[in-house]
file protein-v8.cif (mmCIF, C-alpha atoms and all ligand atoms)
data_structure
loop_
_atom_site.group_PDB
_atom_site.id
_atom_site.type_symbol
_atom_site.label_atom_id
_atom_site.label_comp_id
_atom_site.auth_asym_id
_atom_site.auth_seq_id
_atom_site.Cartn_x
_atom_site.Cartn_y
_atom_site.Cartn_z
ATOM 1 C CA MET A 1 1.364 9.522 -22.907
ATOM 2 C CA SER A 2 4.475 8.912 -20.805
ATOM 3 C CA SER A 3 6.156 5.540 -21.056
ATOM 4 C CA ILE A 4 5.540 4.747 -17.388
ATOM 5 C CA LYS A 5 1.830 5.422 -17.896
ATOM 6 C CA GLU A 6 1.673 3.154 -20.957
ATOM 7 C CA GLN A 7 3.323 0.299 -19.086
ATOM 8 C CA TYR A 8 1.167 0.889 -15.978
ATOM 9 C CA ASP A 9 -2.085 0.891 -17.923
ATOM 10 C CA ALA A 10 -1.197 -2.175 -19.970
ATOM 11 C CA GLN A 11 0.389 -4.323 -17.254
ATOM 12 C CA GLY A 12 -1.152 -2.956 -14.049
ATOM 13 C CA PHE A 13 2.276 -2.151 -12.601
ATOM 14 C CA VAL A 14 5.458 -0.316 -13.488
ATOM 15 C CA LEU A 15 8.964 -0.215 -12.041
ATOM 16 C CA VAL A 16 10.260 3.293 -11.392
ATOM 17 C CA PRO A 17 13.824 3.758 -10.139
ATOM 18 C CA GLY A 18 15.133 6.833 -8.364
ATOM 19 C CA LEU A 19 12.078 8.183 -6.531
ATOM 20 C CA ILE A 20 14.109 8.689 -3.364
ATOM 21 C CA PRO A 21 16.271 11.785 -3.881
ATOM 22 C CA PRO A 22 19.892 10.783 -3.075
ATOM 23 C CA GLY A 23 20.105 13.392 -0.314
ATOM 24 C CA ASP A 24 17.041 11.965 1.443
ATOM 25 C CA ALA A 25 17.912 8.264 1.517
ATOM 26 C CA LYS A 26 19.845 8.384 4.763
ATOM 27 C CA GLU A 27 17.230 10.274 6.750
ATOM 28 C CA LEU A 28 14.514 7.916 5.511
ATOM 29 C CA GLU A 29 16.596 4.866 6.441
ATOM 30 C CA GLU A 30 17.252 6.245 9.900
ATOM 31 C CA ALA A 31 13.603 7.173 10.425
ATOM 32 C CA CYS A 32 12.612 3.645 9.345
ATOM 33 C CA SER A 33 15.070 2.060 11.773
ATOM 34 C CA ARG A 34 13.610 4.079 14.646
ATOM 35 C CA VAL A 35 9.961 3.300 13.868
ATOM 36 C CA ILE A 36 10.761 -0.386 13.331
ATOM 37 C CA GLU A 37 12.445 -0.503 16.718
ATOM 38 C CA LYS A 38 9.451 1.186 18.388
ATOM 39 C CA THR A 39 7.122 -1.292 16.738
ATOM 40 C CA ARG A 40 9.113 -4.364 17.682
ATOM 41 C CA THR A 41 9.482 -3.270 21.289
ATOM 42 C CA GLY A 42 5.758 -2.544 21.572
ATOM 43 C CA GLU A 43 6.156 1.201 22.017
ATOM 44 C CA TRP A 44 4.289 1.843 18.725
ATOM 45 C CA PRO A 45 0.955 0.031 18.771
ATOM 46 C CA HIS A 46 -0.154 0.634 15.173
ATOM 47 C CA ARG A 47 1.295 -2.342 13.381
ATOM 48 C CA ARG A 48 0.485 -5.202 11.026
ATOM 49 C CA THR A 49 0.455 -8.244 13.212
ATOM 50 C CA VAL A 50 1.649 -11.665 12.129
ATOM 51 C CA GLY A 51 -1.451 -13.868 11.889
ATOM 52 C CA LYS A 52 -3.606 -11.153 10.278
ATOM 53 C CA GLN A 53 -3.337 -10.624 6.539
ATOM 54 C CA PHE A 54 -5.701 -7.652 6.275
ATOM 55 C CA PRO A 55 -7.214 -4.955 8.512
ATOM 56 C CA PRO A 56 -8.197 -4.909 11.286
ATOM 57 C CA PHE A 57 -4.738 -6.015 12.466
ATOM 58 C CA ASP A 58 -6.026 -7.218 15.806
ATOM 59 C CA SER A 59 -4.111 -10.459 16.322
ATOM 60 C CA ASP A 60 -2.109 -10.436 19.555
ATOM 61 C CA ASN A 61 0.942 -12.050 17.990
ATOM 62 C CA PRO A 62 3.919 -9.974 19.187
ATOM 63 C CA ASP A 63 5.632 -10.256 15.801
ATOM 64 C CA SER A 64 4.917 -7.613 13.158
ATOM 65 C CA TRP A 65 5.094 -7.423 9.373
ATOM 66 C CA GLY A 66 4.350 -3.711 9.089
ATOM 67 C CA VAL A 67 4.424 -0.337 10.801
ATOM 68 C CA GLN A 68 1.182 1.577 10.315
ATOM 69 C CA HIS A 69 0.771 5.349 9.935
ATOM 70 C CA VAL A 70 4.386 6.448 9.596
ATOM 71 C CA MET A 71 3.342 10.114 9.204
ATOM 72 C CA HIS A 72 1.517 9.997 12.572
ATOM 73 C CA PRO A 73 2.576 12.992 14.707
ATOM 74 C CA ASP A 74 3.261 10.745 17.702
ATOM 75 C CA LEU A 75 6.119 9.102 15.786
ATOM 76 C CA GLY A 76 7.785 12.488 15.301
ATOM 77 C CA GLU A 77 9.449 11.579 11.986
ATOM 78 C CA PRO A 78 9.142 14.466 9.490
ATOM 79 C CA ALA A 79 11.133 12.584 6.820
ATOM 80 C CA PHE A 80 8.049 10.553 5.913
ATOM 81 C CA ALA A 81 5.660 13.411 5.032
ATOM 82 C CA LYS A 82 8.532 15.206 3.341
ATOM 83 C CA TRP A 83 9.072 12.249 1.030
ATOM 84 C CA TYR A 84 5.364 11.495 0.543
ATOM 85 C CA THR A 85 4.912 15.021 -0.830
ATOM 86 C CA SER A 86 8.218 15.154 -2.740
ATOM 87 C CA ASP A 87 8.386 16.238 -6.386
ATOM 88 C CA GLY A 88 9.434 12.861 -7.811
ATOM 89 C CA LEU A 89 6.700 10.848 -6.141
ATOM 90 C CA VAL A 90 4.001 13.427 -6.832
ATOM 91 C CA ASP A 91 5.096 13.713 -10.439
ATOM 92 C CA ALA A 92 4.944 9.919 -10.912
ATOM 93 C CA ALA A 93 1.506 9.760 -9.261
ATOM 94 C CA THR A 94 0.016 12.546 -11.384
ATOM 95 C CA GLN A 95 1.378 10.937 -14.556
ATOM 96 C CA LEU A 96 -0.013 7.521 -13.680
ATOM 97 C CA LEU A 97 -3.371 8.856 -12.507
ATOM 98 C CA ASP A 98 -3.476 11.290 -15.421
ATOM 99 C CA CYS A 99 -4.630 14.025 -13.073
ATOM 100 C CA LYS A 100 -3.548 17.475 -11.983
ATOM 101 C CA GLU A 101 -1.594 17.892 -8.778
ATOM 102 C CA GLU A 102 -4.568 19.859 -7.414
ATOM 103 C CA SER A 103 -6.701 16.714 -7.272
ATOM 104 C CA LEU A 104 -4.093 14.491 -5.616
ATOM 105 C CA GLN A 105 -5.429 13.064 -2.376
ATOM 106 C CA MET A 106 -3.293 12.074 0.605
ATOM 107 C CA GLU A 107 -3.984 8.478 1.650
ATOM 108 C CA LEU A 108 -2.073 5.644 3.289
ATOM 109 C CA PHE A 109 1.584 5.624 4.208
ATOM 110 C CA ASN A 110 2.885 2.553 6.005
ATOM 111 C CA LEU A 111 6.112 0.565 6.172
ATOM 112 C CA LEU A 112 6.419 -3.135 5.350
ATOM 113 C CA ILE A 113 9.015 -4.987 7.413
ATOM 114 C CA ASN A 114 10.209 -8.528 7.924
ATOM 115 C CA PRO A 115 8.730 -10.288 10.936
ATOM 116 C CA GLU A 116 11.465 -11.097 13.428
ATOM 117 C CA SER A 117 10.803 -14.726 14.168
ATOM 118 C CA HIS A 118 7.817 -16.008 12.164
ATOM 119 C CA ASP A 119 7.701 -16.381 8.388
ATOM 120 C CA PHE A 120 4.341 -15.135 7.165
ATOM 121 C CA ALA A 121 2.477 -14.730 3.866
ATOM 122 C CA LEU A 122 -0.548 -13.095 2.297
ATOM 123 C CA ARG A 123 -2.866 -15.103 0.074
ATOM 124 C CA TRP A 124 -3.526 -14.165 -3.529
ATOM 125 C CA HIS A 125 -5.917 -11.238 -3.456
ATOM 126 C CA ARG A 126 -7.119 -7.997 -4.928
ATOM 127 C CA ASP A 127 -7.078 -5.311 -2.205
ATOM 128 C CA ASP A 128 -10.710 -4.253 -2.617
ATOM 129 C CA VAL A 129 -12.464 -7.250 -4.233
ATOM 130 C CA ARG A 130 -13.324 -10.348 -2.226
ATOM 131 C CA GLU A 131 -12.167 -13.763 -3.444
ATOM 132 C CA THR A 132 -15.830 -14.866 -3.494
ATOM 133 C CA ALA A 133 -16.778 -12.210 -6.082
ATOM 134 C CA THR A 134 -18.517 -13.516 -9.184
ATOM 135 C CA GLU A 135 -16.982 -12.808 -12.572
ATOM 136 C CA GLU A 136 -19.499 -10.004 -13.077
ATOM 137 C CA GLU A 137 -18.820 -8.454 -9.664
ATOM 138 C CA GLU A 138 -15.103 -8.635 -10.357
ATOM 139 C CA ARG A 139 -15.519 -6.968 -13.759
ATOM 140 C CA LYS A 140 -17.559 -4.166 -12.222
ATOM 141 C CA ALA A 141 -15.097 -3.570 -9.358
ATOM 142 C CA LEU A 142 -12.099 -3.487 -11.719
ATOM 143 C CA GLY A 143 -13.943 -1.098 -14.032
ATOM 144 C CA ILE A 144 -14.086 1.665 -11.423
ATOM 145 C CA TRP A 145 -10.610 1.108 -9.983
ATOM 146 C CA ASN A 146 -8.608 3.786 -11.798
ATOM 147 C CA HIS A 147 -8.481 6.620 -9.256
ATOM 148 C CA GLY A 148 -5.582 5.501 -7.109
ATOM 149 C CA VAL A 149 -2.007 4.226 -7.184
ATOM 150 C CA GLN A 150 -0.183 2.079 -4.658
ATOM 151 C CA TRP A 151 3.548 1.655 -4.434
ATOM 152 C CA ASN A 152 6.332 -0.257 -2.695
ATOM 153 C CA THR A 153 9.688 1.522 -2.458
ATOM 154 C CA ALA A 154 12.441 -0.736 -1.156
ATOM 155 C CA LEU A 155 15.228 0.478 1.095
ATOM 156 C CA TYR A 156 16.827 -3.003 0.946
ATOM 157 C CA THR A 157 16.533 -5.663 -1.768
ATOM 158 C CA ASP A 158 12.950 -6.905 -1.642
ATOM 159 C CA SER A 159 11.526 -9.978 -3.396
ATOM 160 C CA CYS A 160 8.383 -10.400 -1.277
ATOM 161 C CA LEU A 161 5.735 -9.379 -3.789
ATOM 162 C CA TYR A 162 4.205 -11.545 -6.540
ATOM 163 C CA ILE A 163 1.748 -10.252 -9.098
ATOM 164 C CA VAL A 164 -0.149 -11.426 -12.161
ATOM 165 C CA PRO A 165 0.538 -8.824 -14.871
ATOM 166 C CA LYS A 166 -2.590 -7.541 -16.685
ATOM 167 C CA SER A 167 -4.950 -9.024 -14.098
ATOM 168 C CA HIS A 168 -6.047 -5.502 -13.073
ATOM 169 C CA LYS A 169 -8.327 -5.459 -16.115
ATOM 170 C CA THR A 170 -9.755 -8.933 -16.330
ATOM 171 C CA PRO A 171 -11.682 -11.233 -14.012
ATOM 172 C CA ARG A 172 -9.802 -14.337 -12.906
ATOM 173 C CA SER A 173 -9.619 -17.308 -15.253
ATOM 174 C CA ASP A 174 -10.871 -20.607 -13.814
ATOM 175 C CA GLY A 175 -7.274 -21.571 -13.012
ATOM 176 C CA GLN A 176 -6.576 -18.257 -11.272
ATOM 177 C CA ARG A 177 -9.825 -18.495 -9.338
ATOM 178 C CA ALA A 178 -8.861 -21.979 -8.157
ATOM 179 C CA HIS A 179 -5.609 -20.535 -6.750
ATOM 180 C CA SER A 180 -7.310 -17.600 -5.021
ATOM 181 C CA SER A 181 -10.572 -18.928 -3.665
ATOM 182 C CA THR A 182 -9.537 -19.654 -0.088
ATOM 183 C CA GLN A 183 -8.126 -17.510 2.681
ATOM 184 C CA THR A 184 -4.988 -19.645 2.847
ATOM 185 C CA PRO A 185 -1.676 -18.360 1.458
ATOM 186 C CA PRO A 186 -0.260 -20.475 -1.383
ATOM 187 C CA LYS A 187 2.436 -23.122 -0.828
ATOM 188 C CA ASP A 188 4.254 -21.765 -3.863
ATOM 189 C CA PRO A 189 3.095 -18.415 -5.293
ATOM 190 C CA MET A 190 4.516 -19.376 -8.688
ATOM 191 C CA ASP A 191 1.793 -22.024 -9.033
ATOM 192 C CA MET A 192 -0.614 -19.193 -9.883
ATOM 193 C CA PRO A 193 -1.128 -19.022 -13.666
ATOM 194 C CA GLY A 194 0.644 -15.939 -15.022
ATOM 195 C CA ALA A 195 2.449 -15.047 -11.765
ATOM 196 C CA ILE A 196 5.754 -13.201 -11.638
ATOM 197 C CA GLN A 197 7.926 -12.381 -8.638
ATOM 198 C CA VAL A 198 8.849 -8.702 -8.317
ATOM 199 C CA THR A 199 12.382 -7.974 -7.141
ATOM 200 C CA LEU A 200 13.240 -4.439 -6.128
ATOM 201 C CA GLN A 201 16.789 -3.211 -5.634
ATOM 202 C CA PRO A 202 17.355 -0.588 -2.936
ATOM 203 C CA GLY A 203 15.727 2.672 -4.056
ATOM 204 C CA ASP A 204 13.460 1.005 -6.631
ATOM 205 C CA THR A 205 9.716 1.504 -6.615
ATOM 206 C CA VAL A 206 6.998 -0.675 -8.056
ATOM 207 C CA VAL A 207 3.769 1.241 -8.557
ATOM 208 C CA TYR A 208 0.795 -1.074 -8.978
ATOM 209 C CA ASN A 209 -2.939 -1.098 -9.267
ATOM 210 C CA SER A 210 -3.937 -2.482 -5.863
ATOM 211 C CA ASN A 211 -6.682 -4.570 -7.446
ATOM 212 C CA ILE A 212 -4.173 -6.475 -9.545
ATOM 213 C CA LEU A 213 -3.984 -10.101 -8.350
ATOM 214 C CA HIS A 214 -1.064 -10.195 -5.937
ATOM 215 C CA CYS A 215 0.300 -11.979 -2.895
ATOM 216 C CA ALA A 216 3.431 -11.761 -0.738
ATOM 217 C CA THR A 217 5.722 -13.923 1.355
ATOM 218 C CA TYR A 218 7.699 -12.688 4.354
ATOM 219 C CA ASP A 219 10.940 -14.344 5.362
ATOM 220 C CA SER A 220 11.901 -13.487 8.927
ATOM 221 C CA LYS A 221 15.600 -13.807 8.003
ATOM 222 C CA GLN A 222 15.496 -11.386 5.088
ATOM 223 C CA ARG A 223 15.678 -7.749 6.132
ATOM 224 C CA ARG A 224 12.817 -5.718 4.729
ATOM 225 C CA ALA A 225 12.006 -2.025 5.083
ATOM 226 C CA THR A 226 9.777 -1.057 2.174
ATOM 227 C CA LEU A 227 7.827 2.177 2.049
ATOM 228 C CA HIS A 228 4.246 1.331 1.149
ATOM 229 C CA GLY A 229 1.803 4.037 0.227
ATOM 230 C CA THR A 230 -1.188 5.050 -1.810
ATOM 231 C CA MET A 231 -2.397 8.279 -3.375
ATOM 232 C CA GLY A 232 -5.722 8.975 -4.974
ATOM 233 C CA ASP A 233 -7.272 11.262 -7.521
ATOM 234 C CA ALA A 234 -10.054 13.072 -5.650
ATOM 235 C CA GLN A 235 -12.142 13.036 -8.832
ATOM 236 C CA GLY A 236 -12.840 9.399 -8.008
ATOM 237 C CA GLY A 237 -15.196 10.567 -5.246
ATOM 238 C CA SER A 238 -15.879 7.875 -2.683
ATOM 239 C CA THR A 239 -14.677 4.915 -4.787
ATOM 240 C CA ARG A 240 -11.562 4.601 -2.621
ATOM 241 C CA ALA A 241 -13.138 5.297 0.757
ATOM 242 C CA ARG A 242 -13.405 1.730 2.059
ATOM 243 C CA ASN A 243 -9.961 0.681 0.857
ATOM 244 C CA VAL A 244 -8.300 3.690 2.460
ATOM 245 C CA LEU A 245 -10.379 4.437 5.562
ATOM 246 C CA GLN A 246 -10.505 0.819 6.752
ATOM 247 C CA HIS A 247 -6.948 1.363 8.028
ATOM 248 C CA GLY A 248 -8.208 3.851 10.656
ATOM 249 C CA LEU A 249 -7.246 7.382 9.635
ATOM 250 C CA GLU A 250 -9.063 9.363 12.340
ATOM 251 C CA TRP A 251 -5.707 10.737 13.520
ATOM 252 C CA MET A 252 -5.284 12.545 10.205
ATOM 253 C CA LYS A 253 -8.211 14.824 11.164
ATOM 254 C CA GLU A 254 -6.425 16.103 14.260
ATOM 255 C CA ASP A 255 -4.672 19.473 14.529
ATOM 256 C CA ALA A 256 -1.516 17.706 15.666
ATOM 257 C CA PHE A 257 -1.142 16.110 12.253
ATOM 258 C CA ARG A 258 -1.997 19.340 10.434
ATOM 259 C CA GLN A 259 0.769 21.063 12.392
ATOM 260 C CA THR A 260 3.352 18.620 11.101
ATOM 261 C CA LEU A 261 2.532 19.903 7.612
ATOM 262 C CA ALA A 262 3.263 23.559 8.434
ATOM 263 C CA GLY A 263 5.325 24.993 5.584
ATOM 264 C CA ASN A 264 4.164 22.228 3.251
ATOM 265 C CA PRO A 265 1.346 23.738 1.145
ATOM 266 C CA ARG A 266 1.225 20.691 -1.131
ATOM 267 C CA GLY A 267 0.764 18.371 1.837
ATOM 268 C CA ASN A 268 -1.958 20.601 3.258
ATOM 269 C CA LYS A 269 -3.911 20.581 -0.007
ATOM 270 C CA MET A 270 -3.588 16.826 -0.340
ATOM 271 C CA LEU A 271 -4.824 16.365 3.228
ATOM 272 C CA ASP A 272 -7.815 18.672 2.600
ATOM 273 C CA LEU A 273 -8.963 16.313 -0.141
ATOM 274 C CA LEU A 274 -8.669 13.240 2.075
ATOM 275 C CA LEU A 275 -10.657 14.942 4.828
ATOM 276 C CA ALA A 276 -13.332 15.955 2.323
ATOM 277 C CA MET A 277 -13.683 12.319 1.239
ATOM 278 C CA GLN A 278 -13.741 11.176 4.879
ATOM 279 C CA LYS A 279 -16.482 13.711 5.660
ATOM 280 C CA GLY A 280 -18.596 12.528 2.758
ATOM 281 C CA VAL A 281 -18.701 8.962 4.059
ATOM 282 C CA LYS A 282 -21.707 8.167 6.220
ATOM 283 C CA GLY A 283 -21.405 5.315 8.678
ATOM 284 C CA ASP A 284 -18.860 2.544 8.938
ATOM 285 C CA VAL A 285 -16.921 1.728 5.770
ATOM 286 C CA GLY A 286 -16.320 -1.849 6.930
ATOM 287 C CA TYR A 287 -13.407 -3.896 5.591
ATOM 288 C CA SER A 288 -12.483 -4.838 2.032
ATOM 289 C CA LEU A 289 -11.290 -8.367 2.853
ATOM 290 C CA SER A 290 -11.408 -10.740 5.780
ATOM 291 C CA GLY A 291 -8.671 -12.902 7.264
HETATM 292 O O1 LIG A 301 3.903 -6.978 1.224
HETATM 293 C C1 LIG A 301 3.568 -6.533 0.129
HETATM 294 O O2 LIG A 301 4.382 -6.118 -0.681
HETATM 295 C C2 LIG A 301 2.119 -6.537 -0.263
HETATM 296 C C3 LIG A 301 1.186 -6.136 0.811
HETATM 297 C C4 LIG A 301 -0.241 -6.289 0.397
HETATM 298 O O3 LIG A 301 -0.566 -6.881 -0.588
HETATM 299 C C5 LIG A 301 -1.325 -5.719 1.207
HETATM 300 O O4 LIG A 301 -1.040 -5.116 2.244
HETATM 301 O O5 LIG A 301 -2.506 -5.846 0.813
HETATM 302 FE FE FE A 302 -2.572 -6.330 -1.164
#

call {"tool": "encode", "arguments": {"input": "protein-v8.cif", "output": "structure tokens"}}
result
Amino acid sequence: MSSIKEQYDAQGFVLVPGLIPPGDAKELEEACSRVIEKTRTGEWPHRRTVGKQFPPFDSDNPDSWGVQHVMHPDLGEPAFAKWYTSDGLVDAATQLLDCKEESLQMELFNLLINPESHDFALRWHRDDVRETATEEEERKALGIWNHGVQWNTALYTDSCLYIVPKSHKTPRSDGQRAHSSTQTPPKDPMDMPGAIQVTLQPGDTVVYNSNILHCATYDSKQRRATLHGTMGDAQGGSTRARNVLQHGLEWMKEDAFRQTLAGNPRGNKMLDLLLAMQKGVKGDVGYSLSG
């Protein structure tokens, strides 16, 4: 087993430097600057709005803490799909998921940014388990959550994320439950038993199990542009459907998106697997969390 896989399985997260090839850093930075500008000026409507911690991001606050759907054809930024399907990232994902490249499923790709004028924060949460879950429900949900990886790759120094190492495997202790039982962000994230703050230097990636206990704080004065994505192992069937599809991925079915992947056979195969999962889902997936 690779050392990153050992650390990821044991701790629920792993730091991986160097996933942005040196020759690609500039084009990614420039693409990020353009999509951030479009989001802040209102030209790009798909954004994470201040005031809403989780999808649907339907608050009307003009300030944003994220740009949604960076591979969307209407943004016209090929650097994002190029990086999402790059050798380094795909190699890390297949190692951590312990799967073949052929079963790697395209999922979410968004950008996390600092709000311009409002500090904001997310409460302690697991992405796909509600805070009201009983210990048994939590155990069951964590038991099936091994078919996807989520990552943050920082373009600028980023200390927004807090996690509780090893909490991807075990239900919350009474103390942890007490700090994660309301929809209100914590006054001080470090009050959570077992919490650590994750600091990424430019170019660093933290890959984490998205059902690890985590929260985040957003300082409007601290520049943030952090690539935030997920990939799945299609062998997990529909286990990831709600978590992924709740973000609204209808646009990924359109020919216009497919055309952006011309000359990218890997990207095409990964998209096929997402669309197959999407097709298999009957009815509304709903939302993982509220608030
Ligand atoms: O801002 C971050 O790094 C974490 C975001 C997050 O936890 C989420 O979107 O569910
Ligand atoms: Fe989260």

call {"tool": "residues_around", "arguments": {"input": "protein-v8.cif", "residues": "Ala225 (chain A)", "least_positions_apart": "4", "cutoff": "7 Å", "atoms": "all atoms listed in the file", "output": "PyMOL selection string"}}
result
chain A and resi 111-113+154-156

call {"tool": "residues_near_ligand", "arguments": {"input": "protein-v8.cif", "ligand": "ligand LIG 301 (chain A)", "cutoff": "7 Å", "atoms": "all atoms listed in the file", "output": "JSON, numbers by chain"}}
result
{"A": [54, 112, 122, 127, 152, 160, 161, 214, 215, 216]}

call {"tool": "residues_near_ligand", "arguments": {"input": "protein-v8.cif", "ligand": "ligand FE 302 (chain A)", "cutoff": "12 Å", "atoms": "all atoms listed in the file", "output": "VMD selection string"}}
result
chain A and resid 53 to 55 112 121 to 130 150 to 152 160 to 163 208 to 217 228 to 230 243 288 to 289

call {"tool": "residues_around", "arguments": {"input": "protein-v8.cif", "residues": "region 266-282 of chain A", "least_positions_apart": "6", "cutoff": "8 Å", "atoms": "all atoms listed in the file", "output": "list in words"}}
result
Ala81, Thr85, Glu102, Ser103, Leu104, Gln105, Met106, Glu107, Ala234, Gly237, Ser238, Ala241, Leu245, Met252, Lys253 and Arg258 of chain A

call {"tool": "closest_residue", "arguments": {"input": "protein-v8.cif", "among": "A:Ser181, A:Pro165, A:Asp63, A:Thr260", "to": "Phe13 (chain A)", "atoms": "only C-alpha atoms"}}
result
A:Pro165

call {"tool": "closest_residue", "arguments": {"input": "protein-v8.cif", "among": "A:Glu131, A:Glu116, A:Asp255, A:Asp233", "to": "Glu37 (chain A)", "atoms": "only C-alpha atoms"}}
result
A:Glu116

call {"tool": "atom_distance", "arguments": {"input": "protein-v8.cif", "atom1": "CA of Trp251 (chain A)", "atom2": "CA of Ser33 (chain A)"}}
result
22.6 Å

call {"tool": "closest_residue", "arguments": {"input": "protein-v8.cif", "among": "A:Thr49, A:Lys169, A:Asp119, A:Asn61", "to": "Gly143 (chain A)", "atoms": "only C-alpha atoms"}}
result
A:Lys169

call {"tool": "closest_residue", "arguments": {"input": "protein-v8.cif", "among": "A:Ile196, A:Ala256, A:Leu97, A:Ala141", "to": "Lys166 (chain A)", "atoms": "only C-alpha atoms"}}
result
A:Ile196

call {"tool": "closest_residue", "arguments": {"input": "protein-v8.cif", "among": "A:Pro45, A:Pro17, A:Asp191, A:Ala178", "to": "Val164 (chain A)", "atoms": "all atoms listed in the file"}}
result
A:Asp191

call {"tool": "closest_residue", "arguments": {"input": "protein-v8.cif", "among": "A:Ser173, A:Ser2, A:His168, A:Asp24", "to": "Glu135 (chain A)", "atoms": "only C-alpha atoms"}}
result
A:Ser173

call {"tool": "residues_near_point", "arguments": {"input": "protein-v8.cif", "point": "(13.3, -8.6, -8.9)", "cutoff": "10 Å", "atoms": "all atoms listed in the file", "output": "ChimeraX atom specification"}}
result
/A:15,157-162,196-201,204
